[in-house]
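Asker: Encoded as structure tokens, here's the structure I'll be asking about.
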Amino acid sequence: MKSVSRRLLARHAVNYIQSDSPDRSVPKGIAAELLATGRRGELELLVKDIEAELEATGQLVVGKVYCRYLPSPDQQAEVINFVKAQTGSAKAELEFITDSKILGGVNIETATRSWDLTLNRTLGRLKTMAKEMN
Amino acid sequence: MNQSLVKFASESSEVPSGIGALGLNLKGLIFQFITFVLVLLVLKRYVFPKLVETLENRRITLEKSLAQAKETEQALAEAQNKAEEILKQARQDADQTLREAKSSAAVAIADAEAQAAKRSAYIVEEAEKKLSQHKAKLQSELRGELASLVAEATSKVLGEKVDAKKDKEVIDKALAEVNK
């Protein structure tokens with residue numbers, strides 16, 4: 001049986017989301033396609049492909065934000081606005097995750113882009129510059 | 001003949017007079033004179049030529065020997081002179097050879113010294129080059145180590161010093177920087 005590519009499936013899913021149709025047959029069909037072609041393990045990848053498609057169309061950007069301390073709601077809104085401005089998307093859904101390894105700042109990752117605004121990165125750059133100095 | 005001689009001798013033994021008074025015996029004198037002349041003639045005829053010839057031969061031989069001896073002496077003197085000359089020349093040649101050998105040795109020694117100095121200078125230069133390369137490498141490694149230590153120390157300090165308020169400031173600054 002000839003399988004449909006993940007990209008096509010993702011595009012199909014995005015079209016469905018854009019149509020805002022109550023019909024649940026599209027997501028079921030996509031799931032069935034994956035099962036029938038034995039690509040159950042590619043579900044996570046398909047989700048990422050759908051996120052990438054949504055980001056490319058400018059409809060929605062989904063991502064994760066890693067930080068040391070959980071930002072205040074105002075600051076979270078700032079970050080969301082930043083991502084929307086950078087990607088040109090109308091909407092942004094970001095998950096804020098704390099990570100003790102981060103010294104300060106934020107590390108934003110979406111389906112297609114990332115912004116490392118942490119102190120870790122700055123320190124790393126300083127370290128590289130110091131090593132390369134003559 | 002003997003008888004006449006004896007007779008003559010006896011007559012002459014009588015008492016002398018005239019010339020005999022002087023103590024001279026005329027007959028004896030004449031007899032001796034004749035004898036002398038006979039002997040002389042005999043000698044002259046038979047002995048003297050041979051004697052003279054022999055003496056002459058001897059003289060000639062002696063003269064020849066003398067001449068030869070002279071020649072030999074001359075030759076010897078010449079040979080001695082030549083030998084001396086040869087010796088002198090040989091001494092001169094030996095001196096010259098010694099001088100040349102000394103000079104060559106001095107040149108060879110000077111050359112070897114120059115080569116050794118050049119080689120040692122090259123070795124020193126190479127060693128200095130290697131040393132400076134090694135030094136540069138060490139410095140680079142140290143710099144890297146230092147940078148790592150500084151980064152580690154800084155991260156430790158930041159980890160302790162950055163609180164939620166500071167973190168907010170950091171995030172605001174970072175976002176503003178990107179938006180520029």
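Here's how to read the names in the structure tokens: chain A, B, ... by the order shown, residue numbers from 1 in each chain, ligand numbers from 1 in the order shown.
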Could you work out which residues of chain A fall inside 8 Å of chain B? Count only C-alpha atoms, and format the result as a PyMOL selection string.
Answerer: chain A and resi 68-69+71+75+79+82+103-106+117+120+123-124+126-128+130-131+134
Asker: Determine, counting only C-alpha atoms, which protein, DNA and RNA residues have an atom within 10 Å of an atom of range 7-20 of chain A; residues of the same chain fewer than 3 positions away are not included. Present the result as a list in words.
Answerer: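 Non-adjacent residues within range: Val4, Asp23, Arg24, Ser25, Val26, Pro27, Gly29, Ile30, Ala31, Glu33, Leu34, Leu45, Leu46, Val47, Lys48, Asp49, Ile50, Glu51, Ala52, Glu53, Leu54, Thr57 and Gln59 of chain A.
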Asker: Can you write out the residues you just picked, keeping C-alpha atoms, as a compact mmCIF listing (two decimals), in the first residue's frame?
Answerer:
# COMPACT_ATOMS: atom_id res chain seq x y z
CA VAL A 4 1.06 9.34 2.16
CA ASP A 23 -16.12 16.96 11.26
CA ARG A 24 -13.83 14.55 13.12
CA SER A 25 -13.21 12.29 10.15
CA VAL A 26 -10.02 14.09 9.12
CA PRO A 27 -8.10 13.46 12.30
CA GLY A 29 -8.36 9.43 8.79
CA ILE A 30 -4.88 10.68 9.54
CA ALA A 31 -4.63 8.34 12.52
CA GLU A 33 -3.31 6.24 7.73
CA LEU A 34 -0.54 6.07 10.25
CA LEU A 45 6.97 13.74 14.30
CA LEU A 46 3.65 14.36 12.58
CA VAL A 47 2.61 16.66 15.42
CA LYS A 48 5.84 18.63 14.91
CA ASP A 49 5.16 18.76 11.18
CA ILE A 50 1.68 20.11 11.85
CA GLU A 51 3.13 22.75 14.19
CA ALA A 52 5.65 23.70 11.52
CA GLU A 53 2.90 24.00 8.92
CA LEU A 54 0.83 26.15 11.25
CA THR A 57 1.03 29.72 7.43
CA GLN A 59 -1.83 31.04 11.91
Asker: DSSP on the backbone, strand (DSSP E or B) only: what residues of range 79-125 of chain A does that give? Format it as a PyMOL selection string.
Answerer: chain A and resi 91-98+105-110+114-118
Asker: Restrict the selected residues to C-alpha atoms and save them as a compact mmCIF listing (two decimals), in the first residue's frame.
Answerer:
# COMPACT_ATOMS: atom_id res chain seq x y z
CA LYS A 91 -1.42 33.51 17.73
CA ALA A 92 1.26 31.94 19.93
CA GLU A 93 0.94 29.15 22.44
CA LEU A 94 4.04 28.82 24.59
CA GLU A 95 4.76 26.43 27.42
CA PHE A 96 7.01 27.93 30.12
CA ILE A 97 9.35 25.35 31.70
CA THR A 98 11.80 26.04 34.52
CA GLY A 105 17.23 34.72 30.66
CA VAL A 106 15.10 32.52 28.38
CA ASN A 107 15.54 29.89 25.68
CA ILE A 108 12.57 29.89 23.25
CA GLU A 109 11.99 26.97 20.86
CA THR A 110 9.26 26.70 18.25
CA SER A 114 14.73 29.11 18.34
CA TRP A 115 16.07 32.06 20.33
CA ASP A 116 18.69 31.42 23.02
CA LEU A 117 18.62 34.54 25.18
CA THR A 118 20.20 32.91 28.23
Asker: One decimal, Å: what's the distance from CA of Thr122 in chain A over to CA of Ser100 in chain A, could you say?
Answerer: 16.7 Å
